[in-house]
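To be precise, the following lines are protein.csv, and they hold CSV, C-alpha atoms.
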```
chain,number,residue,atom,x,y,z
M,27,MET,CA,8.6,47.0,-31.5
M,28,SER,CA,7.3,47.9,-28.1
M,29,ALA,CA,8.8,50.7,-26.0
M,30,VAL,CA,7.4,49.4,-22.8
M,31,PHE,CA,10.3,47.2,-21.7
M,32,HIS,CA,14.0,48.1,-22.4
M,33,ILE,CA,15.7,44.7,-22.7
M,34,PRO,CA,19.2,45.8,-21.6
M,35,THR,CA,17.8,47.5,-18.5
M,36,LEU,CA,15.7,44.4,-17.6
M,37,THR,CA,18.8,42.3,-18.0
M,38,VAL,CA,20.8,44.5,-15.7
M,39,CYS,CA,18.0,44.4,-13.1
M,40,LEU,CA,17.9,40.6,-13.3
M,41,ALA,CA,21.6,40.4,-12.9
M,42,ALA,CA,21.5,42.8,-9.8
M,43,THR,CA,18.7,40.7,-8.2
M,44,LEU,CA,20.6,37.5,-8.7
M,45,ILE,CA,23.8,39.0,-7.2
M,46,ILE,CA,21.9,40.1,-4.1
M,47,VAL,CA,20.2,36.7,-3.7
M,48,SER,CA,23.4,34.8,-4.3
M,49,GLY,CA,25.0,36.9,-1.6
M,50,PHE,CA,22.4,36.1,1.0
M,51,LEU,CA,22.5,32.4,0.1
M,52,THR,CA,26.3,32.4,0.4
M,53,LEU,CA,26.0,34.0,3.9
M,54,LEU,CA,23.5,31.3,4.9
M,55,TRP,CA,25.8,28.6,3.5
M,56,ALA,CA,28.8,30.1,5.4
M,57,HIS,CA,26.9,29.6,8.7
M,58,ASP,CA,25.9,26.0,7.7
M,59,ARG,CA,28.7,24.6,5.7
M,60,GLY,CA,27.3,21.1,6.0
M,61,ASN,CA,24.1,22.1,4.2
M,62,PHE,CA,24.7,20.9,0.6
M,63,ALA,CA,21.4,22.3,-0.6
M,64,LEU,CA,22.5,25.8,0.4
M,65,LYS,CA,25.9,25.2,-1.3
M,66,TYR,CA,24.4,24.3,-4.6
M,67,TRP,CA,21.7,27.0,-4.5
M,68,SER,CA,24.4,29.6,-3.6
M,69,LEU,CA,26.6,28.4,-6.5
M,70,GLY,CA,23.5,28.3,-8.8
M,71,PHE,CA,22.4,31.8,-8.2
M,72,SER,CA,26.0,33.0,-8.4
M,73,SER,CA,26.4,31.3,-11.7
M,74,GLY,CA,23.1,32.9,-12.9
M,75,ALA,CA,24.2,36.3,-11.7
M,76,LEU,CA,27.5,36.1,-13.5
M,77,GLY,CA,25.8,34.8,-16.6
M,78,MET,CA,23.3,37.8,-16.6
M,79,VAL,CA,26.2,40.2,-16.1
M,80,LEU,CA,27.9,38.8,-19.2
M,81,VAL,CA,24.6,38.9,-21.2
M,82,SER,CA,24.1,42.5,-20.2
M,83,LEU,CA,27.5,43.3,-21.8
M,84,ARG,CA,26.4,42.1,-25.2
M,85,GLU,CA,27.1,45.5,-26.7
M,86,PHE,CA,30.7,45.5,-25.5
M,87,ALA,CA,32.0,42.0,-25.1
M,88,PRO,CA,32.6,39.4,-27.8
M,89,PRO,CA,29.5,37.3,-28.7
M,90,PHE,CA,31.0,34.1,-27.4
M,91,ILE,CA,31.7,35.7,-24.0
M,92,ALA,CA,28.4,37.7,-23.7
M,93,LEU,CA,25.9,35.4,-25.3
M,94,GLY,CA,27.7,32.1,-25.4
M,95,LEU,CA,29.3,31.9,-22.0
M,96,GLY,CA,26.6,34.2,-20.4
M,97,ASN,CA,23.7,31.9,-21.4
M,98,GLY,CA,25.8,28.8,-20.7
M,99,LEU,CA,26.2,30.0,-17.1
M,100,GLY,CA,22.5,30.7,-17.0
M,101,ILE,CA,21.6,27.2,-18.1
M,102,TYR,CA,24.2,25.7,-15.7
M,103,SER,CA,22.7,27.8,-12.8
M,104,LEU,CA,19.4,25.9,-13.2
M,105,GLY,CA,21.4,22.6,-13.2
M,106,LEU,CA,23.0,23.7,-9.9
M,107,ILE,CA,19.6,24.7,-8.5
M,108,TRP,CA,18.4,21.2,-9.4
M,109,LEU,CA,21.3,19.7,-7.5
M,110,GLY,CA,20.3,21.9,-4.6
M,111,CYS,CA,16.7,20.5,-4.8
M,112,LEU,CA,18.1,16.9,-4.8
M,113,ALA,CA,20.2,17.7,-1.7
M,114,PHE,CA,17.3,19.4,0.0
M,115,GLU,CA,15.1,16.4,-0.5
M,116,ASP,CA,17.9,14.0,0.3
M,117,VAL,CA,17.7,12.3,-3.1
M,118,ARG,CA,20.7,10.6,-4.7
M,119,GLN,CA,20.8,10.7,-8.4
M,120,LYS,CA,23.4,8.8,-10.3
M,121,GLY,CA,25.5,11.1,-12.5
M,122,ALA,CA,23.7,14.2,-11.2
M,123,GLY,CA,26.8,16.4,-11.6
M,124,VAL,CA,27.2,15.4,-15.3
M,125,ILE,CA,23.5,16.0,-16.0
M,126,ALA,CA,23.6,19.4,-14.3
M,127,ALA,CA,26.5,20.6,-16.5
M,128,ALA,CA,25.4,18.8,-19.7
M,129,GLY,CA,23.0,21.6,-20.8
M,130,ALA,CA,25.7,24.3,-20.6
M,131,VAL,CA,28.2,22.1,-22.5
M,132,ILE,CA,25.7,21.4,-25.2
M,133,TRP,CA,24.9,25.2,-25.6
M,134,LEU,CA,28.6,26.1,-25.8
M,135,CYS,CA,29.3,23.5,-28.4
M,136,LEU,CA,26.3,24.6,-30.5
M,137,PHE,CA,27.3,28.2,-30.1
M,138,ALA,CA,30.5,27.5,-31.9
M,139,PHE,CA,28.5,27.1,-35.1
M,140,PRO,CA,27.6,30.3,-36.9
M,141,ALA,CA,24.1,29.0,-37.7
M,142,LEU,CA,23.4,29.4,-34.0
M,143,SER,CA,25.6,32.2,-32.9
M,144,ALA,CA,24.7,34.5,-35.7
M,145,ASP,CA,20.9,33.9,-35.7
M,146,LEU,CA,18.9,35.4,-32.9
M,147,GLY,CA,15.8,33.3,-33.6
M,148,THR,CA,17.7,30.1,-33.5
M,149,ARG,CA,19.5,31.1,-30.3
M,150,ILE,CA,16.2,31.9,-28.7
M,151,LEU,CA,14.7,28.5,-29.6
M,152,VAL,CA,17.7,26.4,-28.5
M,153,ALA,CA,18.2,28.4,-25.3
M,154,SER,CA,14.5,28.1,-24.5
M,155,ALA,CA,14.6,24.3,-24.9
M,156,LEU,CA,17.6,24.0,-22.5
M,157,TYR,CA,16.2,26.5,-20.0
M,158,ALA,CA,12.8,24.8,-19.9
M,159,THR,CA,14.3,21.4,-19.5
M,160,TYR,CA,16.4,22.4,-16.5
M,161,SER,CA,13.5,24.3,-15.0
M,162,PHE,CA,11.3,21.2,-15.2
M,163,LEU,CA,13.9,18.9,-13.7
M,164,SER,CA,13.4,20.3,-10.2
M,165,LEU,CA,9.6,19.8,-10.3
M,166,PRO,CA,9.4,16.0,-9.7
M,167,VAL,CA,12.0,16.3,-7.0
M,168,LEU,CA,10.1,19.0,-5.1
M,169,LEU,CA,6.8,17.3,-5.7
M,170,ALA,CA,8.0,14.1,-4.1
M,171,GLY,CA,9.4,16.0,-1.2
M,172,GLN,CA,6.1,17.8,-0.7
M,173,ARG,CA,4.3,14.5,-0.4
M,174,ARG,CA,6.7,13.3,2.3
M,175,GLU,CA,7.1,16.6,4.1
M,176,PRO,CA,4.5,19.3,3.3
M,177,LEU,CA,6.0,22.8,3.4
M,178,PRO,CA,3.9,25.8,2.2
M,179,ALA,CA,7.0,27.5,0.6
M,180,ARG,CA,7.7,24.4,-1.5
M,181,VAL,CA,4.4,24.9,-3.2
M,182,ILE,CA,5.6,28.4,-4.1
M,183,ALA,CA,8.8,27.0,-5.4
M,184,LEU,CA,6.9,24.5,-7.5
M,185,ILE,CA,4.8,27.3,-9.0
M,186,ALA,CA,7.9,29.5,-9.7
M,187,PHE,CA,10.0,26.7,-11.4
M,188,GLY,CA,6.9,25.4,-13.3
M,189,ALA,CA,6.0,28.9,-14.5
M,190,HIS,CA,9.7,29.5,-15.5
M,191,GLY,CA,9.8,26.4,-17.6
M,192,ALA,CA,6.3,27.0,-19.1
M,193,ALA,CA,7.3,30.5,-20.1
M,194,TYR,CA,10.3,29.2,-22.1
M,195,VAL,CA,8.1,26.6,-23.8
M,196,LEU,CA,5.7,29.4,-24.7
M,197,ARG,CA,8.5,31.2,-26.5
M,198,PHE,CA,8.5,28.6,-29.3
M,199,PRO,CA,5.0,29.5,-30.7
M,200,LEU,CA,5.5,33.2,-29.9
M,201,GLN,CA,8.8,33.3,-31.8
M,202,MET,CA,7.1,31.7,-34.8
M,203,ILE,CA,4.3,34.2,-34.7
M,204,GLU,CA,6.3,37.3,-34.1
M,205,PRO,CA,10.1,36.7,-34.5
M,206,VAL,CA,12.3,38.7,-32.1
M,207,GLN,CA,14.3,41.7,-33.3
M,208,ILE,CA,15.9,44.0,-30.9
M,209,VAL,CA,16.1,47.6,-32.1
M,210,GLU,CA,17.7,50.2,-29.8
M,211,GLY,CA,17.1,47.9,-26.8
M,212,TYR,CA,13.5,47.3,-27.5
M,213,ALA,CA,11.8,44.0,-28.7
M,214,PRO,CA,8.3,42.8,-29.3
M,215,LEU,CA,5.9,43.2,-26.4
M,216,TRP,CA,5.7,39.5,-25.6
M,217,TYR,CA,9.5,39.2,-25.4
M,218,GLY,CA,9.8,42.2,-23.1
M,219,THR,CA,7.0,41.0,-20.9
M,220,MET,CA,8.5,37.6,-20.7
M,221,THR,CA,11.9,39.0,-19.8
M,222,PHE,CA,10.3,41.0,-17.0
M,223,GLY,CA,8.5,37.9,-15.9
M,224,PHE,CA,11.8,36.0,-15.6
M,225,PHE,CA,12.9,38.8,-13.3
M,226,LEU,CA,9.9,38.2,-11.1
M,227,GLN,CA,10.2,34.4,-11.2
M,228,GLY,CA,13.8,34.6,-10.2
M,229,LEU,CA,12.9,36.7,-7.2
M,230,VAL,CA,9.9,34.5,-6.2
M,231,GLY,CA,12.0,31.4,-6.6
M,232,ALA,CA,14.7,32.8,-4.4
M,233,LEU,CA,12.3,33.8,-1.7
M,234,ALA,CA,10.7,30.4,-1.9
M,235,ILE,CA,14.1,28.8,-1.3
M,236,PHE,CA,14.8,31.0,1.7
M,237,ALA,CA,11.3,30.2,3.1
M,238,MET,CA,11.8,26.4,2.5
M,239,VAL,CA,15.1,26.5,4.5
M,240,HIS,CA,13.5,28.5,7.3
M,241,GLU,CA,10.3,26.3,7.4
M,242,ARG,CA,12.3,23.1,7.5
M,243,ALA,CA,14.6,24.4,10.3
M,244,THR,CA,11.5,25.5,12.3
M,245,ARG,CA,9.8,22.2,11.7
M,246,ARG,CA,12.8,20.2,12.8
M,247,TYR,CA,13.4,22.3,15.8
M,248,LYS,CA,9.7,21.9,16.8
M,249,GLN,CA,9.9,18.1,16.2
M,250,ALA,CA,13.1,17.9,18.3
M,251,SER,CA,11.4,19.8,21.1
M,252,GLU,CA,8.5,17.4,21.0
M,253,THR,CA,10.2,14.1,20.4
M,254,ASP,CA,12.0,11.8,22.8
M,255,HIS,CA,15.5,11.4,21.4
M,256,LEU,CA,15.8,7.7,22.2
M,257,THR,CA,12.5,6.3,21.1
M,258,SER,CA,11.4,9.0,18.6
M,259,LEU,CA,8.0,9.0,20.4
M,260,LEU,CA,6.3,12.1,21.6
M,261,ASN,CA,7.8,13.4,24.8
M,262,ARG,CA,5.6,14.0,27.9
M,263,ARG,CA,4.7,17.6,27.0
M,264,ALA,CA,4.0,16.8,23.4
M,265,PHE,CA,1.9,13.8,24.4
M,266,MET,CA,-0.2,15.9,26.7
M,267,GLN,CA,-0.7,18.5,23.9
M,268,ALA,CA,-1.6,15.8,21.4
M,269,VAL,CA,-4.2,14.3,23.7
M,270,THR,CA,-5.7,17.7,24.4
M,271,ARG,CA,-6.0,18.4,20.7
M,272,ALA,CA,-7.6,15.0,20.2
M,273,ARG,CA,-10.1,15.6,22.9
M,274,ALA,CA,-11.1,18.8,21.2
M,275,GLY,CA,-12.4,16.7,18.3
M,276,PHE,CA,-15.8,15.0,18.4
M,277,GLY,CA,-14.4,11.5,18.4
M,278,GLY,CA,-12.0,12.0,21.2
M,279,ALA,CA,-14.2,13.8,23.7
M,280,GLY,CA,-17.0,11.2,24.0
M,281,PRO,CA,-17.6,9.0,27.0
M,282,GLY,CA,-15.4,5.9,27.1
M,283,ALA,CA,-12.1,7.5,26.0
M,284,ALA,CA,-9.2,6.2,28.0
M,285,ILE,CA,-5.7,7.0,29.0
M,286,ALA,CA,-3.2,4.4,30.1
M,287,VAL,CA,0.3,4.3,31.6
M,288,VAL,CA,2.5,1.4,30.3
M,289,ASP,CA,5.5,0.5,32.5
M,290,ALA,CA,8.3,-2.0,31.6
M,291,ASP,CA,8.6,-4.6,34.4
M,292,HIS,CA,11.9,-5.0,36.3
M,293,PHE,CA,13.5,-2.5,34.1
M,294,LYS,CA,16.1,-1.5,36.7
M,295,THR,CA,17.2,-5.1,37.0
M,296,ILE,CA,17.8,-5.2,33.2
M,297,ASN,CA,19.9,-2.0,33.5
M,298,ASP,CA,21.9,-3.3,36.5
M,299,THR,CA,22.5,-6.7,35.0
M,300,TYR,CA,23.1,-6.1,31.4
M,301,GLY,CA,23.9,-2.4,31.3
M,302,HIS,CA,22.2,0.8,30.1
M,303,GLY,CA,22.7,-0.2,26.5
M,304,ALA,CA,20.4,-3.2,27.1
M,305,GLY,CA,17.9,-1.0,28.8
M,306,ASP,CA,17.8,1.4,25.8
M,307,ALA,CA,17.4,-1.6,23.5
M,308,VAL,CA,14.4,-2.7,25.5
M,309,LEU,CA,12.8,0.7,25.4
M,310,VAL,CA,13.3,1.0,21.7
M,311,ALA,CA,11.8,-2.4,21.0
M,312,LEU,CA,8.9,-1.6,23.3
M,313,CYS,CA,8.2,1.7,21.6
M,314,ASP,CA,8.5,0.2,18.1
M,315,TYR,CA,5.9,-2.5,19.1
M,316,LEU,CA,3.5,0.1,20.6
M,317,SER,CA,3.8,2.4,17.5
M,318,ARG,CA,3.2,-0.6,15.2
M,319,GLU,CA,0.4,-2.3,17.0
M,320,LEU,CA,-1.7,0.6,18.2
M,321,PRO,CA,-4.5,1.4,15.7
M,322,GLN,CA,-4.9,4.7,13.9
M,323,GLY,CA,-6.3,7.3,16.2
M,324,ALA,CA,-4.4,6.2,19.3
M,325,ILE,CA,-1.6,8.4,20.6
M,326,VAL,CA,1.5,7.1,22.3
M,327,GLY,CA,4.3,9.0,24.0
M,328,ARG,CA,7.2,8.5,26.5
M,329,LEU,CA,6.3,9.9,29.8
M,330,GLY,CA,9.8,9.4,31.3
M,331,GLY,CA,12.1,6.5,32.2
M,332,GLU,CA,10.4,3.2,31.3
M,333,GLU,CA,6.9,4.7,31.3
M,334,PHE,CA,4.8,5.2,28.2
M,335,GLY,CA,1.5,7.0,27.9
M,336,VAL,CA,-1.3,5.7,25.6
M,337,TYR,CA,-4.5,7.6,24.7
M,338,LEU,CA,-7.4,5.6,23.2
M,339,PRO,CA,-10.3,7.7,21.7
M,340,ALA,CA,-13.8,6.7,22.6
M,341,ASP,CA,-14.7,4.8,19.3
M,342,LEU,CA,-11.5,2.8,19.6
M,343,VAL,CA,-12.2,1.7,23.2
M,344,LEU,CA,-15.7,0.8,22.4
M,345,ASP,CA,-14.7,-1.2,19.3
M,346,ARG,CA,-11.8,-3.0,21.0
M,347,PRO,CA,-12.4,-3.0,24.8
M,348,HIS,CA,-9.6,-5.6,25.3
M,349,LEU,CA,-6.9,-3.7,23.3
M,350,LEU,CA,-4.7,-3.0,26.3
M,351,GLU,CA,-4.8,-6.7,27.3
M,352,GLU,CA,-3.9,-7.6,23.7
M,353,LEU,CA,-0.9,-5.2,23.9
M,354,ARG,CA,0.2,-6.7,27.2
M,355,ARG,CA,0.2,-10.2,25.8
M,356,GLY,CA,2.0,-9.1,22.6
M,357,VAL,CA,4.8,-7.4,24.5
M,358,SER,CA,6.0,-10.7,25.9
M,359,LEU,CA,6.5,-12.0,22.3
M,360,ILE,CA,8.7,-9.2,21.1
M,361,THR,CA,12.5,-9.7,20.6
M,362,THR,CA,15.2,-7.3,21.6
M,363,ASP,CA,18.2,-6.7,19.3
M,364,HIS,CA,20.9,-7.3,21.9
M,365,GLU,CA,23.8,-9.6,22.6
M,366,PRO,CA,23.7,-11.5,25.0
M,367,PRO,CA,20.0,-12.2,24.6
M,368,LEU,CA,17.8,-10.5,27.2
M,369,PRO,CA,15.0,-12.1,29.2
M,370,MET,CA,11.4,-11.8,28.2
M,371,VAL,CA,10.1,-8.3,28.7
M,372,THR,CA,6.6,-7.8,30.2
M,373,VAL,CA,4.7,-4.6,31.1
M,374,SER,CA,2.3,-3.5,33.7
M,375,ILE,CA,-0.5,-1.2,32.6
M,376,GLY,CA,-2.8,1.2,34.5
M,377,ALA,CA,-5.7,2.7,32.7
M,378,ALA,CA,-8.4,5.2,33.5
M,379,SER,CA,-11.6,6.2,31.6
M,380,LEU,CA,-12.1,9.8,30.7
M,381,PRO,CA,-15.4,11.6,30.9
M,382,ALA,CA,-16.7,13.8,28.1
M,383,GLY,CA,-15.8,17.4,28.3
M,384,PRO,CA,-12.6,19.4,29.2
M,385,LEU,CA,-9.6,17.2,30.2
M,386,ASP,CA,-7.9,17.6,33.6
M,387,PHE,CA,-4.7,15.9,32.4
M,388,SER,CA,-3.0,15.8,35.8
M,389,ARG,CA,-6.0,14.1,37.4
M,390,ALA,CA,-6.4,11.6,34.5
M,391,LEU,CA,-2.7,10.6,34.8
M,392,ALA,CA,-3.0,10.4,38.5
M,393,ARG,CA,-5.8,7.9,38.2
M,394,ALA,CA,-3.9,5.9,35.6
M,395,ASP,CA,-0.8,5.9,37.8
M,396,LYS,CA,-2.9,4.6,40.8
M,397,ALA,CA,-4.2,1.8,38.6
M,398,LEU,CA,-0.6,1.1,37.5
M,399,TYR,CA,0.5,0.8,41.1
M,400,ALA,CA,-2.3,-1.7,41.6
M,401,SER,CA,-1.0,-3.8,38.7
M,402,LYS,CA,2.5,-3.8,40.2
M,403,LYS,CA,1.1,-4.8,43.6
M,404,ALA,CA,-0.8,-7.6,41.9
M,405,GLY,CA,2.4,-9.1,40.6
M,406,ARG,CA,3.1,-7.1,37.5
M,407,ASN,CA,2.4,-8.2,33.9
M,408,CYS,CA,-1.3,-7.3,34.1
M,409,VAL,CA,-3.8,-4.5,33.2
M,410,THR,CA,-5.7,-2.6,35.8
M,411,TRP,CA,-8.5,-0.2,35.2
M,412,ALA,CA,-9.2,2.6,37.7
M,413,ALA,CA,-12.7,2.5,39.1
M,414,LEU,CA,-15.2,5.2,38.0
M,415,GLU,CA,-14.8,8.4,39.9
M,416,ASN,CA,-17.2,8.9,42.9
M,417,GLY,CA,-17.4,10.9,46.0
M,418,ARG,CA,-15.0,8.5,47.9
M,419,GLY,CA,-12.3,8.7,45.2
M,420,ASP,CA,-11.0,6.1,42.8
M,421,ARG,CA,-10.5,2.4,43.7
M,422,PRO,CA,-8.2,0.5,41.3
M,423,ILE,CA,-9.6,-2.8,40.1
M,424,ALA,CA,-7.3,-5.5,38.9
M,425,GLU,CA,-8.6,-6.8,35.6
M,426,ALA,CA,-6.1,-8.8,33.6
M,427,SER,CA,-3.5,-11.5,34.0
M,428,ASP,CA,-0.6,-12.4,36.1
M,429,THR,CA,2.8,-13.4,34.8
M,430,THR,CA,1.4,-16.7,33.5
M,431,GLY,CA,-0.6,-14.6,30.9
M,432,VAL,CA,-4.0,-16.2,32.1
M,433,ALA,CA,-6.8,-13.8,32.8
M,434,ALA,CA,-7.4,-13.5,36.5
M,435,SER,CA,-10.5,-11.5,36.5
M,436,THR,CA,-13.2,-9.9,34.3
M,437,ALA,CA,-13.9,-7.1,36.7
M,438,THR,CA,-15.6,-3.8,35.7
M,439,ARG,CA,-14.3,-2.4,32.4
M,440,SER,CA,-15.1,1.2,33.2
M,441,ALA,CA,-13.9,2.5,29.8
M,442,ALA,CA,-16.3,0.4,27.8
```
Show me, as structure tokens, the structure contained in the file I just sent.
Amino acid sequence: MSAVFHIPTLTVCLAATLIIVSGFLTLLWAHDRGNFALKYWSLGFSSGALGMVLVSLREFAPPFIALGLGNGLGIYSLGLIWLGCLAFEDVRQKGAGVIAAAGAVIWLCLFAFPALSADLGTRILVASALYATYSFLSLPVLLAGQRREPLPARVIALIAFGAHGAAYVLRFPLQMIEPVQIVEGYAPLWYGTMTFGFFLQGLVGALAIFAMVHERATRRYKQASETDHLTSLLNRRAFMQAVTRARAGFGGAGPGAAIAVVDADHFKTINDTYGHGAGDAVLVALCDYLSRELPQGAIVGRLGGEEFGVYLPADLVLDRPHLLEELRRGVSLITTDHEPPLPMVTVSIGAASLPAGPLDFSRALARADKALYASKKAGRNCVTWAALENGRGDRPIAEASDTTGVAASTATRSAA
């Protein structure tokens, strides 16, 4: 026996920790009743806390209550935590509630047999198998979620649940090598060390859950503040920040990078004739097309109204100098999900090349806007590049097609 860890004391400490954690999770859930992840996690830690309280009363309560029901609640707590992970990752699992409770039911049924209830070694092996199974259940759910939405705290949760399950698996060979006997509250060193480890794992797992909830809320708040609510594109401020970050990289700061303003033609007429719902449908269809057709490395955002900003890094402009013209032609082929059918949508585009070095975003957009005005003046449904900057200012140069879609000019392509 080792006198390092007093098992009843560790059990009480674990119970107290779980009570505190469950209290905080319950308070969080009370402020966000629609959050099912918090609901299951709160119930899970509460179940675990009650289970550890019962186990800590093993010297006073009947075995079925202290060891049977206590461990049953502990196993069920991991099932509830798994349900919380499913809810957090928005995963639907058929029969999840039955699966979550099955382990506890199996344990209680087996505990009714004296071969289990009266034999500490058998209890340890059976409980370890169930605890390990439910600990590992959460891992694939969290791992899939991490691939979709990387969160630093989720990594900690994966480590905590993985270590928890691995520790219970490790109990099998250790129990065979040095069977557990508890004398005056003390057990073999490995058993006491592992019990202390469960205390730490429970604390780390709880902190990871708190952090995951906070990180997701912060992430979604940030996304909401940066995203246009209608089109799900970057809003004007976020678009400017994204372009600035791209320019800081080697590929985005070279000569030939370009910024363009894409404007839906006759958008006011669509709103006035068919209603604002039709206008919204046009904008959604247009943003879906731009997001789908723009190559990797390009940045697109909604500047406001029917205007969209597009940033093309240097290598992309050099590889595909006619990309904006291709986009213009493709827009006229998109269909809008609306009844009655809407007329063909076209766009006018104004673009300006960006020199290497720090970006003066206001000046760059002003040049692209001036080129856009030239496109509208030329009859819309065309692409215009602003002239290279010189001492006399910019002179927009019409470059692409009119409403017939036939190229009207091959004037200077300053971004190439």
- Message: Taking 5 positions as the minimum chain separation for residues in the same chain, which residues sit within 8 Å of Val357 (chain M) when counting only C-alpha atoms? Answer as a PyMOL selection string.
- Response: chain M and resi 312+315+371-373
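Between CA of Glu85 (chain M) and CA of Ala41 (chain M) lies a distance of 15.7 Å.
Relative to CA of Ile285 (chain M), CA of Ile375 (chain M) is found at 10.4 Å.
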- If you count all atoms listed in the file, which residues fall within 12 Å of Asn261 (chain M), apart from same-chain ones fewer than 6 positions away, as a ChimeraX atom specification? /M:248-255,267-268,325-331,333-336
- Message: Could you list, as a PyMOL selection string, every residue within 12 Å of Gly305 (chain M), counting all atoms listed in the file and ignoring same-chain residues fewer than 2 positions away?
- Response: chain M and resi 256-257+290-303+307-312+331-332+362-364+368-369+371
Please output region 32-47 of chain M, rebuilt to include N, CA, C and O atoms, as a compact mmCIF listing (two decimals), in the frame of the given file.
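Done, and the output landed in out.txt:
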```txt
# COMPACT_ATOMS: atom_id res chain seq x y z
N HIS M 32 12.63 47.94 -21.80
CA HIS M 32 14.00 48.10 -22.40
C HIS M 32 14.78 46.88 -21.97
O HIS M 32 15.11 46.69 -20.80
N ILE M 33 15.09 46.02 -22.94
CA ILE M 33 15.70 44.70 -22.70
C ILE M 33 17.03 44.83 -21.90
O ILE M 33 17.23 44.13 -20.90
N PRO M 34 17.98 45.68 -22.32
CA PRO M 34 19.20 45.80 -21.60
C PRO M 34 19.01 46.18 -20.11
O PRO M 34 19.69 45.67 -19.20
N THR M 35 18.05 47.09 -19.88
CA THR M 35 17.80 47.50 -18.50
C THR M 35 17.22 46.34 -17.67
O THR M 35 17.63 46.13 -16.52
N LEU M 36 16.30 45.59 -18.28
CA LEU M 36 15.70 44.40 -17.60
C LEU M 36 16.83 43.40 -17.27
O LEU M 36 16.85 42.78 -16.20
N THR M 37 17.75 43.21 -18.21
CA THR M 37 18.80 42.30 -18.00
C THR M 37 19.74 42.69 -16.85
O THR M 37 20.14 41.87 -16.01
N VAL M 38 20.02 43.98 -16.77
CA VAL M 38 20.80 44.50 -15.70
C VAL M 38 20.10 44.31 -14.33
O VAL M 38 20.70 43.93 -13.32
N CYS M 39 18.79 44.59 -14.33
CA CYS M 39 18.00 44.40 -13.10
C CYS M 39 18.00 42.96 -12.65
O CYS M 39 18.12 42.67 -11.46
N LEU M 40 17.85 42.04 -13.62
CA LEU M 40 17.90 40.60 -13.30
C LEU M 40 19.23 40.22 -12.73
O LEU M 40 19.32 39.48 -11.74
N ALA M 41 20.29 40.72 -13.34
CA ALA M 41 21.60 40.40 -12.90
C ALA M 41 21.83 40.94 -11.43
O ALA M 41 22.38 40.24 -10.57
N ALA M 42 21.38 42.17 -11.18
CA ALA M 42 21.50 42.80 -9.80
C ALA M 42 20.75 41.94 -8.80
O ALA M 42 21.24 41.70 -7.68
N THR M 43 19.54 41.52 -9.17
CA THR M 43 18.70 40.70 -8.20
C THR M 43 19.41 39.41 -7.91
O THR M 43 19.48 38.98 -6.75
N LEU M 44 19.94 38.74 -8.94
CA LEU M 44 20.60 37.50 -8.70
C LEU M 44 21.88 37.63 -7.88
O LEU M 44 22.21 36.76 -7.07
N ILE M 45 22.58 38.74 -8.06
CA ILE M 45 23.80 39.00 -7.20
C ILE M 45 23.39 39.14 -5.77
O ILE M 45 24.04 38.56 -4.88
N ILE M 46 22.33 39.88 -5.49
CA ILE M 46 21.90 40.10 -4.10
C ILE M 46 21.44 38.74 -3.49
O ILE M 46 21.83 38.39 -2.37
N VAL M 47 20.66 37.98 -4.26
CA VAL M 47 20.20 36.70 -3.70
C VAL M 47 21.34 35.74 -3.49
O VAL M 47 21.40 35.07 -2.45
```
